[in-house]
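data-v2.txt follows; it contains compact mmCIF, C-alpha atoms and all ligand atoms.
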# COMPACT_ATOMS: atom_id res chain seq x y z
CA MET B 53 -28.49 -2.89 39.44
CA LYS B 54 -25.49 -1.36 41.27
CA LEU B 55 -23.96 1.62 39.51
CA ASN B 56 -20.33 2.68 39.69
CA PRO B 57 -19.59 6.02 37.99
CA TYR B 58 -15.85 5.34 38.14
CA PHE B 59 -16.33 2.31 35.94
CA LYS B 60 -17.68 4.32 33.03
CA GLU B 61 -14.95 6.91 33.51
CA GLU B 62 -12.29 4.19 33.49
CA VAL B 63 -13.63 2.53 30.32
CA ASN B 64 -13.84 5.84 28.49
CA ARG B 65 -10.37 6.89 29.61
CA GLU B 66 -8.85 3.55 28.61
CA LEU B 67 -10.41 3.53 25.16
CA GLY B 68 -9.50 7.16 24.58
CA GLU B 69 -11.26 10.40 23.78
CA HIS B 70 -14.35 9.37 25.69
CA LYS B 71 -15.33 7.51 22.55
CA ILE B 72 -17.95 5.29 24.13
CA LEU B 73 -19.71 8.29 25.69
CA MET B 74 -20.30 9.58 22.15
CA CYS B 75 -22.92 6.86 21.72
CA TYR B 76 -26.39 8.35 21.34
CA GLN B 77 -28.20 5.04 21.53
CA CYS B 78 -29.55 5.05 17.99
CA GLY B 79 -29.39 1.24 17.88
CA LYS B 80 -27.83 0.99 14.44
CA CYS B 81 -25.11 -1.31 15.81
CA SER B 82 -27.79 -3.77 16.95
CA SER B 83 -29.79 -3.57 13.77
CA PHE B 84 -26.69 -4.58 11.77
CA CYS B 85 -25.51 -7.19 14.29
CA PRO B 86 -26.07 -10.74 13.01
CA LEU B 87 -26.41 -12.07 16.55
CA PHE B 88 -28.98 -9.50 17.59
CA ASN B 89 -30.95 -10.35 14.49
CA LEU B 90 -30.97 -14.04 15.41
CA GLU B 91 -31.42 -13.83 19.18
CA PRO B 92 -32.17 -10.29 20.42
CA GLU B 93 -32.63 -11.60 23.96
CA LYS B 94 -29.16 -13.11 24.05
CA PHE B 95 -27.14 -10.26 22.62
CA ASN B 96 -27.69 -6.55 22.11
CA PRO B 97 -24.64 -4.32 21.53
CA ARG B 98 -26.58 -1.08 22.03
CA ARG B 99 -27.67 -2.35 25.44
CA ILE B 100 -24.09 -3.26 26.39
CA ILE B 101 -22.90 0.27 25.58
CA GLU B 102 -25.80 1.69 27.54
CA MET B 103 -24.84 -0.39 30.58
CA VAL B 104 -21.24 0.83 30.36
CA ASN B 105 -22.31 4.45 30.01
CA ILE B 106 -24.56 4.41 33.05
CA GLY B 107 -21.80 2.71 35.06
CA ALA B 108 -23.42 -0.72 35.42
CA GLU B 109 -20.24 -2.64 36.19
CA ASP B 110 -22.17 -5.91 36.36
CA VAL B 111 -21.98 -5.94 32.55
CA LEU B 112 -18.69 -7.77 33.23
CA LYS B 113 -20.61 -10.72 34.68
CA LEU B 114 -22.93 -11.17 31.70
CA ASP B 115 -22.57 -14.16 29.36
CA ASP B 116 -23.55 -11.74 26.59
CA ILE B 117 -20.13 -10.12 26.32
CA TRP B 118 -18.63 -13.49 25.34
CA ARG B 119 -20.99 -13.96 22.40
CA CYS B 120 -19.82 -11.19 20.05
CA THR B 121 -18.01 -12.68 17.03
CA THR B 122 -16.01 -9.47 16.39
CA CYS B 123 -17.37 -9.33 12.84
CA TYR B 124 -17.32 -5.48 12.88
CA GLU B 125 -20.73 -5.06 11.22
CA CYS B 126 -21.64 -2.71 14.08
CA ALA B 127 -18.48 -0.61 13.77
CA GLU B 128 -18.94 -0.33 10.02
CA ASN B 129 -22.37 1.20 10.51
CA CYS B 130 -22.10 3.34 13.65
CA PRO B 131 -22.81 7.03 12.83
CA GLN B 132 -20.57 8.02 15.75
CA LYS B 133 -17.70 5.86 14.46
CA ILE B 134 -17.58 3.86 17.68
CA ASN B 135 -15.61 0.63 17.37
CA PHE B 136 -17.72 -1.70 19.49
CA VAL B 137 -15.18 -4.52 19.09
CA GLU B 138 -12.61 -2.46 21.01
CA LEU B 139 -15.13 -2.14 23.81
CA ILE B 140 -15.88 -5.88 23.82
CA VAL B 141 -12.18 -6.73 23.92
CA TYR B 142 -11.73 -4.32 26.83
CA LEU B 143 -14.72 -5.70 28.77
CA ARG B 144 -13.53 -9.28 28.26
CA THR B 145 -10.03 -8.44 29.44
CA LYS B 146 -11.49 -6.78 32.55
CA ALA B 147 -13.86 -9.68 33.18
CA THR B 148 -10.92 -12.09 32.88
CA GLU B 149 -8.89 -10.12 35.43
CA LYS B 150 -11.83 -10.41 37.81
CA GLY B 151 -12.14 -14.15 37.23
CA PHE B 152 -15.39 -14.09 35.22
CA ALA B 153 -14.00 -15.56 31.97
CA PRO B 154 -15.48 -18.84 30.71
CA LYS B 155 -13.08 -21.77 30.86
CA LEU B 156 -12.83 -22.83 27.22
CA PRO B 157 -11.18 -19.79 25.66
CA LEU B 158 -8.68 -19.80 28.53
CA GLN B 159 -7.38 -23.16 27.28
CA GLU B 160 -6.31 -21.53 24.06
CA LEU B 161 -4.43 -18.80 25.90
CA GLU B 162 -2.67 -21.45 28.01
CA SER B 163 -1.58 -23.29 24.87
CA VAL B 164 -0.17 -20.08 23.40
CA ARG B 165 1.70 -19.47 26.67
CA LYS B 166 3.13 -22.99 26.83
CA GLU B 167 3.75 -23.93 23.19
CA GLY B 168 3.69 -20.58 21.45
CA PHE B 169 0.83 -21.86 19.25
CA SER B 170 -2.92 -21.97 19.68
CA VAL B 171 -3.34 -25.26 17.81
CA PRO B 172 -1.60 -28.55 18.69
CA LEU B 173 0.31 -30.35 15.95
CA SER B 174 -1.46 -33.69 15.49
CA PRO B 175 0.68 -36.80 14.87
CA ARG B 176 -1.15 -37.22 11.55
CA ALA B 177 -0.28 -33.72 10.38
CA LYS B 178 3.30 -34.20 11.57
CA LYS B 179 3.64 -37.36 9.49
CA TRP B 180 2.13 -35.71 6.43
CA ILE B 181 4.51 -32.78 6.72
CA GLU B 182 7.50 -35.15 6.97
CA ASN B 183 6.36 -37.00 3.86
CA TYR B 184 5.41 -34.08 1.68
CA MET B 185 6.98 -30.86 2.77
CA VAL B 186 10.44 -31.91 1.55
CA GLU B 187 9.99 -30.86 -2.04
CA VAL B 188 7.17 -29.46 -4.03
CA LYS B 189 6.27 -31.81 -6.86
CA THR B 190 4.90 -30.25 -10.00
CA ARG B 191 3.28 -31.55 -13.09
CA GLY B 192 3.93 -28.43 -15.16
CA MET F 44 7.52 -7.62 -7.67
CA ASN F 45 11.23 -8.16 -7.10
CA GLU F 46 11.31 -8.39 -3.36
CA THR F 47 11.53 -11.00 -0.65
CA ILE F 48 8.29 -11.55 1.16
CA VAL F 49 8.08 -13.02 4.63
CA TYR F 50 5.53 -15.80 4.58
CA PHE F 51 3.59 -16.31 7.83
CA PRO F 52 1.48 -19.49 7.53
CA GLY F 53 -0.11 -19.29 11.00
CA CYS F 54 -1.16 -22.08 13.37
CA LEU F 55 -4.10 -23.67 11.57
CA ALA F 56 -2.52 -23.79 8.11
CA SER F 57 0.76 -25.18 9.34
CA ARG F 58 -0.45 -27.49 12.15
CA LYS F 59 -4.00 -28.57 11.38
CA PHE F 60 -4.38 -28.23 7.61
CA PRO F 61 -0.78 -28.65 6.36
CA GLY F 62 -2.02 -28.92 2.77
CA PHE F 63 -2.87 -25.21 2.90
CA ASP F 64 0.72 -24.36 3.76
CA TYR F 65 2.03 -26.77 1.15
CA SER F 66 -0.22 -25.38 -1.59
CA THR F 67 0.90 -21.86 -0.74
CA ARG F 68 4.60 -22.69 -0.94
CA PHE F 69 3.95 -24.35 -4.29
CA ILE F 70 2.18 -21.22 -5.56
CA LEU F 71 4.96 -18.92 -4.39
CA GLN F 72 7.55 -21.07 -6.17
CA LYS F 73 5.48 -21.35 -9.34
CA LEU F 74 5.07 -17.58 -9.50
CA ASN F 75 8.77 -17.00 -8.78
CA ILE F 76 8.04 -15.08 -5.61
CA GLU F 77 11.03 -15.18 -3.33
CA PHE F 78 9.99 -15.92 0.23
CA LYS F 79 11.43 -16.54 3.66
CA MET F 80 9.94 -18.19 6.73
CA SER F 81 11.06 -18.31 10.34
CA ASP F 82 10.95 -20.98 13.07
CA GLU F 83 10.98 -18.12 15.56
CA PHE F 84 7.42 -17.04 14.80
CA SER F 85 4.76 -17.87 17.38
CA CYS F 86 0.98 -17.82 17.04
CA CYS F 87 0.02 -14.40 15.58
CA PRO F 88 -1.86 -14.49 18.23
CA ASP F 89 -5.55 -14.99 17.61
CA PRO F 90 -7.31 -11.59 17.41
CA VAL F 91 -10.45 -12.84 19.11
CA TRP F 92 -9.66 -14.95 22.15
CA VAL F 93 -6.06 -14.19 22.99
CA ARG F 94 -6.72 -10.48 22.44
CA SER F 95 -9.89 -10.67 24.55
CA LEU F 96 -8.33 -12.55 27.44
CA SER F 97 -4.95 -10.92 27.66
CA TYR F 98 -4.57 -7.81 25.58
CA LYS F 99 -1.01 -7.36 26.87
CA GLU F 100 0.19 -10.78 25.70
CA TRP F 101 -1.58 -10.36 22.38
CA LYS F 102 0.18 -7.06 21.80
CA GLU F 103 3.61 -8.31 22.92
CA ARG F 104 3.55 -11.42 20.76
CA GLY F 105 2.22 -9.50 17.78
CA ILE F 106 5.03 -6.96 18.11
CA ARG F 107 7.59 -9.75 18.45
CA ASN F 108 6.40 -11.44 15.25
CA LEU F 109 6.60 -8.15 13.36
CA GLU F 110 10.11 -7.50 14.68
CA ILE F 111 11.27 -10.93 13.46
CA ALA F 112 9.67 -10.36 10.05
CA LYS F 113 11.21 -6.92 9.65
CA ASN F 114 14.68 -8.44 9.52
CA LEU F 115 13.79 -11.06 6.92
CA GLY F 116 12.13 -9.22 4.07
CA SER F 117 10.15 -6.26 2.87
CA LYS F 118 6.57 -7.44 3.30
CA LEU F 119 4.81 -9.81 5.69
CA VAL F 120 2.21 -11.99 3.99
CA THR F 121 -0.40 -14.17 5.70
CA ILE F 122 -2.87 -16.78 4.45
CA CYS F 123 -5.31 -16.37 7.32
CA ASN F 124 -7.73 -13.55 8.07
CA GLY F 125 -7.01 -13.85 11.79
CA CYS F 126 -3.23 -13.55 11.34
CA PHE F 127 -3.87 -10.65 8.98
CA GLU F 128 -6.09 -8.85 11.46
CA THR F 129 -3.70 -9.26 14.37
CA LEU F 130 -0.50 -8.36 12.57
CA PHE F 131 -2.05 -5.51 10.60
CA THR F 132 -3.80 -4.04 13.65
CA VAL F 133 -0.70 -4.32 15.83
CA LYS F 134 1.32 -2.60 13.14
CA LYS F 135 -1.26 0.18 12.77
CA THR F 136 -1.78 0.66 16.49
CA PHE F 137 1.68 0.36 17.98
CA PHE F 138 4.06 1.33 15.20
CA ASN F 139 2.07 4.25 13.91
CA GLY F 140 1.89 2.18 10.73
CA LYS F 141 5.67 2.28 10.37
CA SER F 142 6.66 -1.35 10.58
CA ILE F 143 6.88 -3.97 7.84
CA PRO F 144 3.81 -3.85 5.53
CA VAL F 145 1.30 -6.64 6.24
CA GLU F 146 -0.91 -8.17 3.55
CA HIS F 147 -3.16 -11.16 2.98
CA LEU F 148 -1.65 -13.25 0.18
CA LEU F 149 -4.90 -13.11 -1.79
CA TYR F 150 -4.55 -9.34 -2.02
CA THR F 151 -0.83 -9.58 -2.89
CA LEU F 152 -1.53 -11.96 -5.77
CA TRP F 153 -4.55 -10.01 -6.99
CA LYS F 154 -2.52 -6.82 -7.02
CA ASN F 155 0.64 -8.12 -8.66
CA LYS F 156 0.21 -11.53 -10.25
CA LYS F 157 -3.12 -11.81 -12.04
CA GLU F 158 -1.68 -11.83 -15.54
CA GLU F 159 1.07 -14.25 -14.64
CA ILE F 160 -1.38 -16.63 -13.01
CA LYS F 161 -3.63 -16.48 -16.06
CA ASN F 162 -0.73 -17.44 -18.31
CA LYS F 163 0.41 -20.29 -16.07
CA ILE F 164 -2.88 -22.10 -15.51
CA ILE F 165 -2.60 -25.75 -16.52
CA ASN F 166 -5.80 -27.13 -14.97
CA PRO F 167 -8.60 -24.57 -15.32
CA LEU F 168 -11.76 -25.03 -13.26
CA ASN F 169 -14.14 -24.34 -16.12
CA GLY F 170 -17.75 -25.24 -15.45
CA LYS F 171 -17.39 -25.19 -11.65
CA ARG F 172 -19.61 -22.98 -9.57
CA PHE F 173 -18.38 -21.89 -6.15
CA GLY F 174 -19.97 -19.91 -3.33
CA ILE F 175 -17.37 -17.42 -2.16
CA HIS F 176 -16.75 -16.26 1.39
CA GLU F 177 -14.03 -13.69 2.05
CA GLY F 178 -14.68 -13.63 5.79
CA CYS F 179 -14.94 -10.64 8.11
CA HIS F 180 -11.32 -9.95 8.86
CA PHE F 181 -10.09 -9.79 5.29
CA LYS F 182 -11.10 -6.15 5.12
CA ARG F 183 -13.02 -5.16 8.23
CA PRO F 184 -12.74 -2.84 10.08
CA THR F 185 -12.51 -0.76 6.94
CA SER F 186 -11.63 2.31 9.03
CA LEU F 187 -8.22 0.63 9.39
CA THR F 188 -7.77 -1.41 6.21
CA LEU F 189 -9.04 1.04 3.60
CA THR F 190 -6.31 3.47 4.59
CA GLU F 191 -3.92 1.07 2.83
CA PHE F 192 -6.03 -1.13 0.57
CA LYS F 193 -8.33 1.43 -1.03
CA GLU F 194 -9.33 -0.87 -3.89
CA LEU F 195 -11.08 -3.22 -1.49
CA LYS F 196 -13.89 -0.71 -1.27
CA GLU F 197 -14.96 -1.42 -4.82
CA VAL F 198 -13.56 -4.82 -5.74
CA ASN F 199 -14.49 -8.28 -4.55
CA VAL F 200 -10.99 -9.70 -4.77
CA LEU F 201 -11.98 -13.30 -4.11
CA LYS F 202 -14.61 -13.18 -6.86
CA GLU F 203 -12.05 -12.00 -9.40
CA MET F 204 -9.50 -14.56 -8.27
CA VAL F 205 -11.98 -17.46 -8.48
CA GLU F 206 -13.05 -16.32 -11.95
CA LEU F 207 -9.41 -16.14 -12.94
CA LEU F 208 -9.31 -19.94 -12.52
CA GLY F 209 -12.20 -20.32 -14.96
CA ALA F 210 -14.90 -21.00 -12.37
CA GLU F 211 -18.10 -19.14 -11.64
CA ALA F 212 -18.20 -17.22 -8.34
CA VAL F 213 -21.48 -16.90 -6.44
CA GLU F 214 -21.58 -13.97 -4.03
CA GLY F 215 -23.64 -13.63 -0.87
CA THR F 216 -24.11 -11.17 1.96
CA GLU F 217 -20.54 -11.29 3.32
CA SER F 218 -21.88 -12.15 6.75
CA CYS F 219 -19.91 -13.86 9.52
CA CYS F 220 -19.13 -17.61 9.56
CA GLY F 221 -19.70 -17.63 13.31
CA LEU F 222 -16.49 -19.39 14.30
CA PRO F 223 -15.44 -16.99 17.07
CA ASN F 224 -18.34 -17.79 19.36
CA PHE F 225 -18.34 -21.52 18.65
CA ILE F 226 -16.55 -21.84 21.94
CA THR F 227 -18.99 -19.77 24.01
CA ASP F 228 -22.36 -20.36 22.31
CA LYS F 229 -22.25 -23.25 19.89
CA GLU F 230 -25.91 -23.01 18.98
CA LEU F 231 -25.66 -19.36 17.88
CA SER F 232 -22.38 -20.05 16.13
CA PHE F 233 -23.85 -22.89 14.04
CA PHE F 234 -26.91 -20.78 13.33
CA LEU F 235 -24.72 -18.08 11.77
CA ALA F 236 -22.80 -20.59 9.66
CA ARG F 237 -25.95 -22.27 8.35
CA LYS F 238 -27.43 -18.92 7.38
CA ARG F 239 -24.32 -18.14 5.39
CA ILE F 240 -24.07 -21.59 3.77
CA ASP F 241 -27.73 -21.56 2.75
CA GLU F 242 -27.17 -18.43 0.69
CA PHE F 243 -25.33 -20.57 -1.86
CA LYS F 244 -27.66 -22.61 -4.06
CA ASN F 245 -26.50 -25.36 -6.45
CA VAL F 246 -22.80 -24.82 -5.93
CA ASP F 247 -19.93 -27.31 -6.37
CA GLY F 248 -18.41 -26.03 -3.16
CA ILE F 249 -17.64 -23.04 -0.97
CA VAL F 250 -14.33 -21.22 -1.32
CA VAL F 251 -12.75 -19.45 1.65
CA ILE F 252 -9.49 -17.65 2.33
CA CYS F 253 -9.31 -18.18 6.07
CA PRO F 254 -8.55 -21.53 7.77
CA SER F 255 -10.93 -20.60 10.62
CA CYS F 256 -13.88 -20.04 8.28
CA PHE F 257 -12.86 -23.31 6.58
CA SER F 258 -12.97 -25.30 9.77
CA GLN F 259 -16.25 -23.72 10.89
CA PHE F 260 -18.05 -24.45 7.61
CA GLU F 261 -16.74 -28.02 7.47
CA ASN F 262 -17.74 -28.74 11.07
CA VAL F 263 -21.25 -27.42 10.58
CA LEU F 264 -21.73 -29.24 7.28
CA ALA F 265 -20.36 -32.51 8.71
CA ASN F 266 -22.58 -32.12 11.76
CA ASP F 267 -25.60 -31.58 9.50
CA LYS F 268 -24.53 -34.49 7.22
CA ARG F 269 -24.44 -32.26 4.15
CA GLU F 270 -22.01 -33.00 1.36
CA ILE F 271 -20.98 -29.53 0.23
CA PRO F 272 -17.19 -29.47 0.02
CA VAL F 273 -15.25 -26.49 1.32
CA TYR F 274 -12.04 -25.37 -0.41
CA PHE F 275 -9.25 -23.11 0.70
CA TYR F 276 -8.64 -20.77 -2.23
CA PHE F 277 -4.92 -21.53 -2.36
CA GLU F 278 -5.62 -25.26 -2.78
CA LEU F 279 -7.61 -24.50 -5.93
CA LEU F 280 -4.98 -22.08 -7.19
CA ALA F 281 -2.17 -24.58 -6.56
CA TYR F 282 -4.13 -27.27 -8.38
CA SER F 283 -4.78 -24.95 -11.31
CA LEU F 284 -1.08 -24.17 -11.47
CA GLY F 285 -0.25 -27.87 -11.67
CA LEU F 286 0.09 -29.29 -8.16
CA ASP F 287 -0.72 -33.02 -8.10
CA LYS F 288 -4.02 -33.86 -6.44
CA GLU F 289 -2.44 -36.22 -3.94
CA ASN F 290 -0.23 -33.40 -2.68
CA LEU F 291 -3.10 -31.08 -1.86
CA GLY F 292 -3.67 -32.57 1.60
CA PHE F 293 -7.33 -33.28 0.89
CA GLU F 294 -7.22 -36.04 3.52
CA PHE F 295 -7.42 -33.31 6.15
CA HIS F 296 -10.83 -32.24 4.88
CA ARG F 297 -13.81 -33.58 6.82
CA ILE F 298 -16.03 -33.43 3.74
CA LYS F 299 -14.64 -35.22 0.75
CA PRO F 300 -13.94 -32.76 -2.05
CA PHE F 301 -15.41 -33.64 -5.43
CA SER F 302 -12.87 -34.59 -8.01
CA ILE F 303 -11.56 -31.42 -9.53
S1 LIG H 1 -24.65 2.64 16.35
FE1 LIG H 1 -23.12 3.81 17.49
S2 LIG H 1 -24.21 5.59 18.30
FE2 LIG H 1 -25.76 4.14 17.62
S3 LIG H 1 -26.25 2.94 19.48
FE3 LIG H 1 -24.65 1.82 18.41
S4 LIG H 1 -22.73 2.55 19.28
FE4 LIG H 1 -24.33 4.01 19.86
S1 LIG H 2 -18.85 -7.29 16.10
FE1 LIG H 2 -20.13 -8.24 17.66
S2 LIG H 2 -21.61 -6.68 18.21
FE2 LIG H 2 -20.69 -6.04 16.31
S3 LIG H 2 -22.06 -6.78 14.74
FE3 LIG H 2 -20.49 -8.35 15.01
S4 LIG H 2 -21.32 -9.78 16.55
FE4 LIG H 2 -22.57 -7.89 16.63

Taking this structure as input, can you express it in the form of structure tokens?
Ligand code: SF4
Ligand code: SF4
Amino acid sequence: MKLNPYFKEEVNRELGEHKILMCYQCGKCSSFCPLFNLEPEKFNPRRIIEMVNIGAEDVLKLDDIWRCTTCYECAENCPQKINFVELIVYLRTKATEKGFAPKLPLQELESVRKEGFSVPLSPRAKKWIENYMVEVKTRG
Amino acid sequence: MNETIVYFPGCLASRKFPGFDYSTRFILQKLNIEFKMSDEFSCCPDPVWVRSLSYKEWKERGIRNLEIAKNLGSKLVTICNGCFETLFTVKKTFFNGKSIPVEHLLYTLWKNKKEEIKNKIINPLNGKRFGIHEGCHFKRPTSLTLTEFKELKEVNVLKEMVELLGAEAVEGTESCCGLPNFITDKELSFFLARKRIDEFKNVDGIVVICPSCFSQFENVLANDKREIPVYFYFELLAYSLGLDKENLGFEFHRIKPFSI
């Protein structure tokens, strides 16, 4: 594993107050993480923080960082008040800049760029809206 | 509550499940809540993928939506946990909290309209038993939300609001529906949803307050050929307040709702 000390410095500077370096690897984040509890081999937030804090920049190439659901169970339970979701968002943004992002989520971003919305308006929904949205009928 | 709220329906409720938007407008009218909307709004944007792929665009669009809302009314109200998370977080992070207040409509109604709703119910849901799922981003991360919505620490708002309609509310672990990683690891995502769904035994349906949780639960249940209907809370509330069944937009559900 190639280590880059500047990477850990950069992450900690960007997220402020060297927050991520405050991690003391207790593993509480992982024990509360629903994904870790289902598939510890596929996703381990404590391990991701460890990789960042030793400067293992290759963390950006891992599929793992795309699995977090951002449910905040980890952040709610971290004794050091580290918001792991902020770290995941940062790592994903960095990975995207370097071209490592998976294709599917990129489609959503493209749709927001082009249409302003993440969901297309289906012809069926359009018709329904034209029929119903005019007035609100009540029984009361 | 004599104020004009700015109603932000969000992409899914206005473009994929238009009945959610319709039910909400009906509720606002029934409860005499003055509201404004804007064609200028864009996607909130999504706090998971847009924020993860381009933090800059997420922030800029979020700020833009708040700026539009600020000129229309005194409070921005969403009906989606994702819209709530984005707009609330952007407000907290980039305006030092000093922009238009942002709330989820469920909280707004719980805080101000419980009595009025109780008095206006025409079709109570007595005898129904619903599994309830608030979803992660209704109150997490609490380090941010509890600074403004202190009551959420003690109260299960959705439970009280379901009971207000006369139904029984079955609680569970409050774990994640799994929608966000549907796109990157479908197997894990479905796993999470099934775990959550299986917490609810002998229920007439599952009630959610986020269109994303709604679509995740329906997709998993349809995939597994299970007939547990999923309801968006505001559909049930609109029905209880007198909205005709055919106007609820139930045809956009993948799993046929039982007759209510
Ligand atoms: S819970 Fe906090 S301190 Fe403990 S390992 Fe996780 S991030 Fe580090
Ligand atoms: S936010 Fe991500 S890392 Fe944290 S508990 Fe949820 S899935 Fe696990």

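Compared by their closest atoms to ligand LIG 1 (chain H), and using all atoms listed in the file, the residues B:Asn64, B:Asn56, B:Gln132, B:Asn96 rank with B:Gln132 nearest.
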
Notebook entry, point to check: Which one is closest to ligand LIG 2 (chain H): F:Lys238, F:Lys202, F:Lys244, F:His180? Count only C-alpha atoms and all ligand atoms.
Noted result: F:His180

Margin query: Taking only C-alpha atoms into account and nothing else, which residues of chain B lie no more than 9 Å away from chain F? Please answer as number ranges by chain.
Written below: B: 86-87, 90-91, 115, 118-125, 127-128, 133, 135, 140-149, 153-154, 156-158, 160-161, 164-165, 167-174, 177-178, 180-181, 184-185, 188-192

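Between atom CA of Thr121 of chain F and atom CA of Val49 of chain F there is a distance of 8.6 Å.
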
Axis-aligned box over every listed atom of ligand LIG 1 (chain H), padded by 4 Å per side: centre and edges in Å to one decimal, as AutoDock Vina command-line options?
--center_x -24.5 --center_y 3.7 --center_z 18.1 --size_x 11.5 --size_y 11.8 --size_z 11.5

Next item on the list: Pick out the residues no farther than 12 Å from ligand LIG 1 (chain H), counting all atoms listed in the file, and list them as a ChimeraX atom specification.
Entry: /B:71-85,96-105,124-140

Generate a file of the selected residues that holds C-alpha atoms, formatted as an mmCIF file, keeping the file's coordinate frame.
data_model
loop_
_atom_site.group_PDB
_atom_site.id
_atom_site.type_symbol
_atom_site.label_atom_id
_atom_site.label_comp_id
_atom_site.auth_asym_id
_atom_site.auth_seq_id
_atom_site.Cartn_x
_atom_site.Cartn_y
_atom_site.Cartn_z
ATOM 1 C CA LYS B 71 -15.330 7.510 22.550
ATOM 2 C CA ILE B 72 -17.950 5.290 24.130
ATOM 3 C CA LEU B 73 -19.710 8.290 25.690
ATOM 4 C CA MET B 74 -20.300 9.580 22.150
ATOM 5 C CA CYS B 75 -22.920 6.860 21.720
ATOM 6 C CA TYR B 76 -26.390 8.350 21.340
ATOM 7 C CA GLN B 77 -28.200 5.040 21.530
ATOM 8 C CA CYS B 78 -29.550 5.050 17.990
ATOM 9 C CA GLY B 79 -29.390 1.240 17.880
ATOM 10 C CA LYS B 80 -27.830 0.990 14.440
ATOM 11 C CA CYS B 81 -25.110 -1.310 15.810
ATOM 12 C CA SER B 82 -27.790 -3.770 16.950
ATOM 13 C CA SER B 83 -29.790 -3.570 13.770
ATOM 14 C CA PHE B 84 -26.690 -4.580 11.770
ATOM 15 C CA CYS B 85 -25.510 -7.190 14.290
ATOM 16 C CA ASN B 96 -27.690 -6.550 22.110
ATOM 17 C CA PRO B 97 -24.640 -4.320 21.530
ATOM 18 C CA ARG B 98 -26.580 -1.080 22.030
ATOM 19 C CA ARG B 99 -27.670 -2.350 25.440
ATOM 20 C CA ILE B 100 -24.090 -3.260 26.390
ATOM 21 C CA ILE B 101 -22.900 0.270 25.580
ATOM 22 C CA GLU B 102 -25.800 1.690 27.540
ATOM 23 C CA MET B 103 -24.840 -0.390 30.580
ATOM 24 C CA VAL B 104 -21.240 0.830 30.360
ATOM 25 C CA ASN B 105 -22.310 4.450 30.010
ATOM 26 C CA TYR B 124 -17.320 -5.480 12.880
ATOM 27 C CA GLU B 125 -20.730 -5.060 11.220
ATOM 28 C CA CYS B 126 -21.640 -2.710 14.080
ATOM 29 C CA ALA B 127 -18.480 -0.610 13.770
ATOM 30 C CA GLU B 128 -18.940 -0.330 10.020
ATOM 31 C CA ASN B 129 -22.370 1.200 10.510
ATOM 32 C CA CYS B 130 -22.100 3.340 13.650
ATOM 33 C CA PRO B 131 -22.810 7.030 12.830
ATOM 34 C CA GLN B 132 -20.570 8.020 15.750
ATOM 35 C CA LYS B 133 -17.700 5.860 14.460
ATOM 36 C CA ILE B 134 -17.580 3.860 17.680
ATOM 37 C CA ASN B 135 -15.610 0.630 17.370
ATOM 38 C CA PHE B 136 -17.720 -1.700 19.490
ATOM 39 C CA VAL B 137 -15.180 -4.520 19.090
ATOM 40 C CA GLU B 138 -12.610 -2.460 21.010
ATOM 41 C CA LEU B 139 -15.130 -2.140 23.810
ATOM 42 C CA ILE B 140 -15.880 -5.880 23.820
#

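When all atoms listed in the file are used to compute distances to ligand LIG 2 (chain H), the closest of the residues B:Pro57, B:Gly107, B:Pro92, B:Gly68 turns out to be B:Pro92.
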
Could you list as a tab-separated table (two decimals) with C-alpha atoms, keeping the file's coordinate frame every residue that has an atom within 8 Å of (10.8, -16.7, 6.9), using the file's coordinates and counting all atoms listed in the file?
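Below is the file out_18.tsv, written as the result:
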chain	number	residue	atom	x	y	z
F	49	VAL	CA	8.08	-13.02	4.63
F	50	TYR	CA	5.53	-15.80	4.58
F	51	PHE	CA	3.59	-16.31	7.83
F	78	PHE	CA	9.99	-15.92	0.23
F	79	LYS	CA	11.43	-16.54	3.66
F	80	MET	CA	9.94	-18.19	6.73
F	81	SER	CA	11.06	-18.31	10.34
F	82	ASP	CA	10.95	-20.98	13.07
F	112	ALA	CA	9.67	-10.36	10.05
F	115	LEU	CA	13.79	-11.06	6.92

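In this model, the gap between atom CA of Glu159 of chain F and atom CA of Ser283 of chain F comes to 12.6 Å.
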